[in-house]
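To start, the structure under review is shown below, and the notes come after it.
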Amino acid sequence: MRPMQLLDRRYLSNAWKGIRSIILPRFKVLAYHSVNVRSGDPYEVTVADFAAQMQFLADRNYGVISLRGALESLKNGNVGEKNIVITFDDGFKSLTNNAFPVLKEYGFPATVFLPVKYVGGIDEFSYSQPRPTMPIMGWREIERSLEQGIDYGSHSMTHPNLLNMSDRQLDYELGKSKSILERRLGLTFFPFAYPFGLFDQTIKENVKKAGYHCALCFGNVLSNSAVTDHFEMKREKILHGTTLKEFARMVDTRNDFIRKVKRMFFKQE
């Protein structure tokens with residue numbers, strides 16, 4: 001077979017997968033970080049905005065399900081286009097008083113991804129722009145929240161950029177964080193969120209080898225469907241400046257295609 005023919009087949013296969021990812025039933029995974037009373041941090045949503053967003057989901061009959069339930073729906077082909085999964089990265093202490101009570105009011109489950117080394121301390125990892133350090137939940141708070149429908153997964157040990165790490169370093173970040181969560185919390189379902197959303201094929205294979213059930217990145221304005229790689233599950237970032245109108249557009253899977261086109265050609269939503 002000539003290389004061009006093979007290339008054509010791969011191209012057609014990828015194109016067909018892309019088309020299926022749009023026409024198949026899909027669901028959204030939302031990615032939050034901190035929730036606080038008032039904030040100017042771009043990653044921190046105010047309590048008022050978070051409550052309004054949860055009210056919006058409830059009023060419009062979105063089905064908020066657990067990440068484990070979403071994974072089962074992918075496997076069984078029972079994906080609901082109005083299904084939503086709520087996730088939080090970093091496990092900031094502010095979630096305890098500001099986000100979890102809102103979720104409890106609506107009966108919504110959520111998954112929090114922990115940088116395990118910093119549990120009970122402060123974040124020592126940095127983002128792309130300066131920001132103040134914030135406290136991370138302690139083990140007692142985490143254990144209590146398990147009873148309220150909050151699940152936990154790994155965000156690695158120290159929240160590093162995993163790219164170009166050695167196998168030994170990856171084993172520490174992936175394997176040790178998983179073993180601590182298993183020992184401290186008795187978890188049986190192990191999701192992983194790539195720090196900063198960054199990964200490559202080597203990292204993905206190491207995540208699988210470490211025994212995780214799925215891994216989440218940040219998305220390209222497409223949802224998750226039956227053809228989604230469980231180790232490349234896409235999430236929509238909900239940020240400080242996300243208006244309720246923007247939120248409504250983001251959670252509606254019918255907008256995926258036009259949002260994708262706008263981002264591809266106009267570099268905007």
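As shown in the structure tokens, the chain order sets the letters A, B, ...; within each chain, residues go from 1, and ligands are also counted from 1 in the order they appear.
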
Kindly assemble as a tab-separated table a list of the region 165-254 of chain A residues that lie within 10 Å of region 93-113 of chain A, each paired with its nearest atom pair and their distance in Å to one decimal, using only C-alpha atoms, sorted first by chain and then by ascending residue number.
```
residue	atom	partner	partner_atom	distance
A:Pro191	CA	A:Phe113	CA	8.2
A:Phe192	CA	A:Phe113	CA	7.2
A:Ala193	CA	A:Phe113	CA	6.5
A:Tyr194	CA	A:Phe113	CA	9.5
A:Pro195	CA	A:Phe113	CA	9.6
```

Just C-alpha atoms for this one: save the residues we selected as an mmCIF file, in the first residue's frame.
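Result written to again-v7.cif:
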```
data_model
loop_
_atom_site.group_PDB
_atom_site.id
_atom_site.type_symbol
_atom_site.label_atom_id
_atom_site.label_comp_id
_atom_site.auth_asym_id
_atom_site.auth_seq_id
_atom_site.Cartn_x
_atom_site.Cartn_y
_atom_site.Cartn_z
ATOM 1 C CA PRO A 191 -10.172 9.645 37.899
ATOM 2 C CA PHE A 192 -7.202 11.871 37.078
ATOM 3 C CA ALA A 193 -7.042 15.499 35.927
ATOM 4 C CA TYR A 194 -3.911 16.543 34.032
ATOM 5 C CA PRO A 195 -2.261 19.512 35.790
#
```

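Of the residues listed (A:Ser145, A:Gln201, A:Asn164, A:Thr253), A:Thr253 shows the shortest atom-to-atom separation from Tyr62 (chain A); distances use only C-alpha atoms.
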
- Task: Report as a VMD selection string: the residues of region 25-164 of chain A with a DSSP assignment of helix (DSSP H, G or I), based on the backbone of this structure.
- Result: chain A and resid 47 to 59 67 to 76 94 to 98 100 to 106 116 to 118 139 to 146

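The residue that comes closest to Ser156 (chain A), out of A:Met134, A:Ala31, A:Leu187, A:Val116 and on the basis of only C-alpha atoms, is A:Val116.
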
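The smallest atom-to-atom distance between Ile203 (chain A) and any of A:Met233, A:Leu162, A:Ile86, A:Ile238, using only C-alpha atoms, is found for A:Leu162.
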
- Item | strand (DSSP E or B) residues, from DSSP on the backbone, in region 204-249 of chain A, as a VMD selection string | chain A and resid 214 to 216 224 233 236 to 237

Kindly provide the residues of region 212-258 of chain A that approach region 44-50 of chain A to within 9 Å, each paired with its closest atom pair and their distance in Å to one decimal, based on only C-alpha atoms, listed by chain and increasing number, as JSON lines.
```
{"residue": "A:Ile238", "atom": "CA", "partner": "A:Val45", "partner_atom": "CA", "distance": 7.7}
{"residue": "A:Leu239", "atom": "CA", "partner": "A:Val45", "partner_atom": "CA", "distance": 6.0}
{"residue": "A:His240", "atom": "CA", "partner": "A:Val45", "partner_atom": "CA", "distance": 4.5}
{"residue": "A:Gly241", "atom": "CA", "partner": "A:Val45", "partner_atom": "CA", "distance": 7.9}
{"residue": "A:Thr242", "atom": "CA", "partner": "A:Val45", "partner_atom": "CA", "distance": 8.3}
{"residue": "A:Thr243", "atom": "CA", "partner": "A:Asp49", "partner_atom": "CA", "distance": 8.0}
{"residue": "A:Leu244", "atom": "CA", "partner": "A:Asp49", "partner_atom": "CA", "distance": 7.7}
```
